[in-house]
Amino acid sequence: MHTLQISIYVLVLLIGLALIFDFMNGFHDAANAIATVVSTGVLKPQTAVAMAAFFNVVAIFFFHLKVASTVGTGTIDASIVDQYVIFGALVGAIFWNLVTWYFGIPSSSSHALIGGLVGAAVAKSGTSALVSEGLIKTVTFIVISPLLGFVLGSLMMLIVSWLFVRSTPMKVDKWFRRLQLISASMYSLGHGGNDAQKTMGIIWMLLIASGYLAKGDSLPWWVITACYAAIGMGTLFGGWRIVKTMGQKITKLKPVGGFCAETGGAITLFIANAMGVPVSTTHTITGAIVGVGSAQKMSAVRWGVASNIVWAWLLTIPASAFVAAVAWWIGKQIL
């Protein structure tokens, strides 16, 4: 792999931009981890985000860097990576995150980043720069992760309903208010383990391309720590516009439903982390919430809101790719 001629100042700028994206990822996706536990009234918003941020960071001790490796080497050809490609990818992803946050749309930060990488790479070298195997796996999980969340969320709801069929609503509510603390924590753990590693993959790619790391070198500890800290801080500040959509507009949740949605989502994320697949935590928890609602009755789900979210998912990769291609050209002029 070629070594870039890149100044330390540009390198620091790009790493800083990557950490801003990581912060935005946590800020944007805070709703994924806390919307259910807040909407059911189990925790106050400030307490919920503090808990989610804590478990985002604690994920550093639980997961191998398989997702970071997929993002760093499995999406675009490493030989075409330069400061302009990284700049375009990050600007495209950050732009889409800001747009969807402003309108309260729970889109995927993960796929915005993948779209950014694709757009910048194609702008530089055409479609030959894409690694089809990694992209097919990622795009496939755009469908699989919400479906798996849906299936596990609805299955959990059916199992719990069967187990507690003779219990009073008050007793069920009391138990699941406690259990939801565990399920929300596990979901936040999976969220941190998957999403923080995507930014690590970008920085890893940049450090190798610039010659600061050899291809077989491990990712420096400071990069891992900085990425987990950035996503934790982003979660701590929380994107409240999206919390309202996730927790209230799709379907009305009680603590038992919140527990089932978070548990189904957490299992999906743990599987994805083990496989090294950069999935969307947004897609996963949305699928699980819809699954819980539909397990009660189909009319419990506001399908109009759900369909608007799906449209945002479909637009994420092409929209961020287009902005990234434009940003790649701008980067060529200013970096």
# chains A, B, ... in the order shown; residues from 1 in each chain; ligands from 1
call {"tool": "closest_atom_pairs", "arguments": {"of": "range 313-333 of chain A", "to": "range 93-104 of chain A", "cutoff": "12 Å", "atoms": "only C-alpha atoms", "output": "JSON lines"}}
result
{"residue": "A:Trp313", "atom": "CA", "partner": "A:Thr100", "partner_atom": "CA", "distance": 10.4}
{"residue": "A:Leu315", "atom": "CA", "partner": "A:Trp96", "partner_atom": "CA", "distance": 9.8}
{"residue": "A:Thr316", "atom": "CA", "partner": "A:Trp96", "partner_atom": "CA", "distance": 7.3}
{"residue": "A:Ile317", "atom": "CA", "partner": "A:Ala93", "partner_atom": "CA", "distance": 9.0}
{"residue": "A:Pro318", "atom": "CA", "partner": "A:Trp96", "partner_atom": "CA", "distance": 10.4}
{"residue": "A:Ala319", "atom": "CA", "partner": "A:Trp96", "partner_atom": "CA", "distance": 7.3}
{"residue": "A:Ser320", "atom": "CA", "partner": "A:Ala93", "partner_atom": "CA", "distance": 5.6}
{"residue": "A:Ala321", "atom": "CA", "partner": "A:Ala93", "partner_atom": "CA", "distance": 8.2}
{"residue": "A:Phe322", "atom": "CA", "partner": "A:Ala93", "partner_atom": "CA", "distance": 10.3}
{"residue": "A:Val323", "atom": "CA", "partner": "A:Phe95", "partner_atom": "CA", "distance": 7.6}
{"residue": "A:Ala324", "atom": "CA", "partner": "A:Ala93", "partner_atom": "CA", "distance": 7.5}
{"residue": "A:Ala325", "atom": "CA", "partner": "A:Ala93", "partner_atom": "CA", "distance": 11.2}
{"residue": "A:Val326", "atom": "CA", "partner": "A:Phe95", "partner_atom": "CA", "distance": 11.7}
{"residue": "A:Ala327", "atom": "CA", "partner": "A:Phe95", "partner_atom": "CA", "distance": 10.2}
call {"tool": "write_last_selection", "arguments": {"atoms": "N, CA and C atoms", "output": "PDB file, in the first residue's frame"}}
result
ATOM      1  N   TRP A 313     -34.312   5.321   5.787  1.00  0.00           N
ATOM      2  CA  TRP A 313     -33.276   4.291   5.698  1.00  0.00           C
ATOM      3  C   TRP A 313     -32.817   4.095   4.254  1.00  0.00           C
ATOM      4  N   LEU A 315     -32.891   6.171   1.825  1.00  0.00           N
ATOM      5  CA  LEU A 315     -32.197   7.348   1.293  1.00  0.00           C
ATOM      6  C   LEU A 315     -30.808   7.560   1.891  1.00  0.00           C
ATOM      7  N   THR A 316     -30.546   6.944   3.057  1.00  0.00           N
ATOM      8  CA  THR A 316     -29.325   7.263   3.810  1.00  0.00           C
ATOM      9  C   THR A 316     -28.051   7.062   2.993  1.00  0.00           C
ATOM     10  N   ILE A 317     -27.852   5.882   2.435  1.00  0.00           N
ATOM     11  CA  ILE A 317     -26.596   5.606   1.724  1.00  0.00           C
ATOM     12  C   ILE A 317     -26.461   6.469   0.464  1.00  0.00           C
ATOM     13  N   PRO A 318     -27.467   6.546  -0.433  1.00  0.00           N
ATOM     14  CA  PRO A 318     -27.285   7.401  -1.616  1.00  0.00           C
ATOM     15  C   PRO A 318     -27.125   8.884  -1.283  1.00  0.00           C
ATOM     16  N   ALA A 319     -27.866   9.388  -0.270  1.00  0.00           N
ATOM     17  CA  ALA A 319     -27.773  10.809   0.075  1.00  0.00           C
ATOM     18  C   ALA A 319     -26.404  11.153   0.648  1.00  0.00           C
ATOM     19  N   SER A 320     -25.931  10.355   1.588  1.00  0.00           N
ATOM     20  CA  SER A 320     -24.612  10.620   2.177  1.00  0.00           C
ATOM     21  C   SER A 320     -23.504  10.384   1.156  1.00  0.00           C
ATOM     22  N   ALA A 321     -23.708   9.436   0.239  1.00  0.00           N
ATOM     23  CA  ALA A 321     -22.712   9.190  -0.815  1.00  0.00           C
ATOM     24  C   ALA A 321     -22.598  10.395  -1.748  1.00  0.00           C
ATOM     25  N   PHE A 322     -23.740  10.991  -2.109  1.00  0.00           N
ATOM     26  CA  PHE A 322     -23.729  12.162  -2.987  1.00  0.00           C
ATOM     27  C   PHE A 322     -23.000  13.334  -2.328  1.00  0.00           C
ATOM     28  N   VAL A 323     -23.333  13.612  -1.056  1.00  0.00           N
ATOM     29  CA  VAL A 323     -22.676  14.712  -0.332  1.00  0.00           C
ATOM     30  C   VAL A 323     -21.184  14.424  -0.194  1.00  0.00           C
ATOM     31  N   ALA A 324     -20.830  13.165   0.066  1.00  0.00           N
ATOM     32  CA  ALA A 324     -19.414  12.793   0.214  1.00  0.00           C
ATOM     33  C   ALA A 324     -18.633  13.017  -1.079  1.00  0.00           C
ATOM     34  N   ALA A 325     -19.270  12.719  -2.217  1.00  0.00           N
ATOM     35  CA  ALA A 325     -18.603  12.934  -3.509  1.00  0.00           C
ATOM     36  C   ALA A 325     -18.313  14.419  -3.729  1.00  0.00           C
ATOM     37  N   VAL A 326     -19.293  15.269  -3.376  1.00  0.00           N
ATOM     38  CA  VAL A 326     -19.085  16.720  -3.485  1.00  0.00           C
ATOM     39  C   VAL A 326     -17.997  17.171  -2.513  1.00  0.00           C
ATOM     40  N   ALA A 327     -18.046  16.644  -1.281  1.00  0.00           N
ATOM     41  CA  ALA A 327     -17.054  17.010  -0.262  1.00  0.00           C
ATOM     42  C   ALA A 327     -15.651  16.544  -0.661  1.00  0.00           C
TER      43      ALA A 327
END
call {"tool": "residues_around", "arguments": {"residues": "range 40-57 of chain A", "least_positions_apart": "3", "cutoff": "9 Å", "atoms": "only C-alpha atoms", "output": "NGL selection string"}}
result
:A and (26 or 30-31 or 33-37 or 60-61 or 177-178 or 180-181 or 184-193 or 196 or 225 or 227-238 or 247 or 252-258)
call {"tool": "residues_around", "arguments": {"residues": "Ala68 in chain A", "least_positions_apart": "3", "cutoff": "10 Å", "atoms": "only C-alpha atoms", "output": "JSON list (two decimals) with N, CA, C and O atoms, in the first residue's frame"}}
result
[["chain", "number", "residue", "atom", "x", "y", "z"],
["A", 64, "HIS", "N", -14.19, -7.51, 20.80],
["A", 64, "HIS", "CA", -13.02, -7.45, 19.93],
["A", 64, "HIS", "C", -13.28, -6.44, 18.82],
["A", 64, "HIS", "O", -14.42, -6.04, 18.57],
["A", 65, "LEU", "N", -12.21, -6.06, 18.12],
["A", 65, "LEU", "CA", -12.31, -4.99, 17.11],
["A", 65, "LEU", "C", -12.68, -5.53, 15.72],
["A", 65, "LEU", "O", -12.14, -5.09, 14.71],
["A", 71, "VAL", "N", -14.91, -2.17, 8.71],
["A", 71, "VAL", "CA", -15.01, -0.81, 8.17],
["A", 71, "VAL", "C", -13.68, -0.36, 7.58],
["A", 71, "VAL", "O", -13.63, 0.26, 6.51],
["A", 72, "GLY", "N", -12.57, -0.71, 8.26],
["A", 72, "GLY", "CA", -11.25, -0.25, 7.81],
["A", 72, "GLY", "C", -10.74, -0.92, 6.56],
["A", 72, "GLY", "O", -9.98, -0.33, 5.80],
["A", 73, "THR", "N", -11.15, -2.17, 6.31],
["A", 73, "THR", "CA", -10.59, -2.90, 5.18],
["A", 73, "THR", "C", -11.63, -3.55, 4.28],
["A", 73, "THR", "O", -11.27, -4.04, 3.21],
["A", 74, "GLY", "N", -12.90, -3.58, 4.71],
["A", 74, "GLY", "CA", -13.87, -4.38, 3.99],
["A", 74, "GLY", "C", -14.90, -3.62, 3.19],
["A", 74, "GLY", "O", -15.88, -4.22, 2.72],
["A", 193, "GLY", "N", -20.39, -0.99, 21.55],
["A", 193, "GLY", "CA", -19.47, -1.94, 20.94],
["A", 193, "GLY", "C", -19.50, -1.94, 19.43],
["A", 193, "GLY", "O", -18.48, -2.16, 18.78],
["A", 194, "ASN", "N", -20.67, -1.68, 18.83],
["A", 194, "ASN", "CA", -20.76, -1.67, 17.37],
["A", 194, "ASN", "C", -20.42, -0.31, 16.79],
["A", 194, "ASN", "O", -19.60, -0.20, 15.87],
["A", 195, "ASP", "N", -21.01, 0.75, 17.33],
["A", 195, "ASP", "CA", -20.90, 2.06, 16.69],
["A", 195, "ASP", "C", -19.55, 2.75, 16.91],
["A", 195, "ASP", "O", -19.04, 3.42, 16.00],
["A", 196, "ALA", "N", -18.96, 2.63, 18.09],
["A", 196, "ALA", "CA", -17.66, 3.27, 18.32],
["A", 196, "ALA", "C", -16.60, 2.68, 17.40],
["A", 196, "ALA", "O", -15.68, 3.38, 16.96],
["A", 197, "GLN", "N", -16.74, 1.40, 17.08],
["A", 197, "GLN", "CA", -15.73, 0.75, 16.25],
["A", 197, "GLN", "C", -15.74, 1.21, 14.80],
["A", 197, "GLN", "O", -14.74, 1.08, 14.09],
["A", 198, "LYS", "N", -16.85, 1.77, 14.35],
["A", 198, "LYS", "CA", -16.90, 2.27, 12.97],
["A", 198, "LYS", "C", -15.95, 3.44, 12.79],
["A", 198, "LYS", "O", -15.25, 3.55, 11.78],
["A", 199, "THR", "N", -15.92, 4.33, 13.79],
["A", 199, "THR", "CA", -14.98, 5.46, 13.73],
["A", 199, "THR", "C", -13.54, 4.97, 13.87],
["A", 199, "THR", "O", -12.64, 5.49, 13.22],
["A", 200, "MET", "N", -13.33, 3.96, 14.71],
["A", 200, "MET", "CA", -11.99, 3.38, 14.83],
["A", 200, "MET", "C", -11.50, 2.86, 13.48],
["A", 200, "MET", "O", -10.32, 3.02, 13.12],
["A", 201, "GLY", "N", -12.42, 2.25, 12.73],
["A", 201, "GLY", "CA", -12.04, 1.72, 11.41],
["A", 201, "GLY", "C", -11.58, 2.83, 10.48],
["A", 201, "GLY", "O", -10.61, 2.65, 9.72],
["A", 202, "ILE", "N", -12.24, 3.98, 10.52],
["A", 202, "ILE", "CA", -11.86, 5.12, 9.68],
["A", 202, "ILE", "C", -10.47, 5.63, 10.07],
["A", 202, "ILE", "O", -9.61, 5.87, 9.22],
["A", 203, "ILE", "N", -10.24, 5.80, 11.37],
["A", 203, "ILE", "CA", -8.94, 6.32, 11.84],
["A", 203, "ILE", "C", -7.85, 5.30, 11.56],
["A", 203, "ILE", "O", -6.73, 5.66, 11.16],
["A", 204, "TRP", "N", -8.14, 4.03, 11.73],
["A", 204, "TRP", "CA", -7.20, 2.95, 11.44],
["A", 204, "TRP", "C", -6.78, 3.01, 9.97],
["A", 204, "TRP", "O", -5.60, 2.95, 9.63],
["A", 205, "MET", "N", -7.76, 3.14, 9.10],
["A", 205, "MET", "CA", -7.52, 3.26, 7.66],
["A", 205, "MET", "C", -6.61, 4.45, 7.35],
["A", 205, "MET", "O", -5.66, 4.35, 6.56],
["A", 219, "LEU", "N", -4.38, -1.52, 16.31],
["A", 219, "LEU", "CA", -4.89, -0.16, 16.50],
["A", 219, "LEU", "C", -4.38, 0.37, 17.84],
["A", 219, "LEU", "O", -4.50, -0.31, 18.86],
["A", 224, "ILE", "N", -8.68, 3.73, 20.39],
["A", 224, "ILE", "CA", -9.81, 2.98, 20.96],
["A", 224, "ILE", "C", -10.47, 3.77, 22.08],
["A", 224, "ILE", "O", -11.70, 3.94, 22.12],
["A", 273, "ASN", "N", -21.86, -7.88, 16.51],
["A", 273, "ASN", "CA", -20.50, -7.59, 17.00],
["A", 273, "ASN", "C", -19.61, -8.82, 16.89],
["A", 273, "ASN", "O", -18.44, -8.72, 16.52],
["A", 276, "GLY", "N", -18.63, -9.22, 13.33],
["A", 276, "GLY", "CA", -17.88, -8.12, 12.74],
["A", 276, "GLY", "C", -18.66, -7.35, 11.70],
["A", 276, "GLY", "O", -18.08, -6.75, 10.79],
["A", 277, "VAL", "N", -20.00, -7.33, 11.84],
["A", 277, "VAL", "CA", -20.85, -6.64, 10.86],
["A", 277, "VAL", "C", -21.25, -5.27, 11.42],
["A", 277, "VAL", "O", -21.83, -5.19, 12.50],
["A", 278, "PRO", "N", -20.97, -4.18, 10.68],
["A", 278, "PRO", "CA", -21.38, -2.85, 11.14],
["A", 278, "PRO", "C", -22.86, -2.61, 10.86],
["A", 278, "PRO", "O", -23.24, -2.12, 9.81]]
call {"tool": "residues_around", "arguments": {"residues": "Ser108 in chain A", "least_positions_apart": "4", "cutoff": "7 Å", "atoms": "only C-alpha atoms", "output": "number ranges by chain"}}
result
A: 112, 280, 282-283, 313
call {"tool": "atom_distance", "arguments": {"atom1": "CA of Leu158 in chain A", "atom2": "CA of Ala272 in chain A"}}
result
23.8 Å
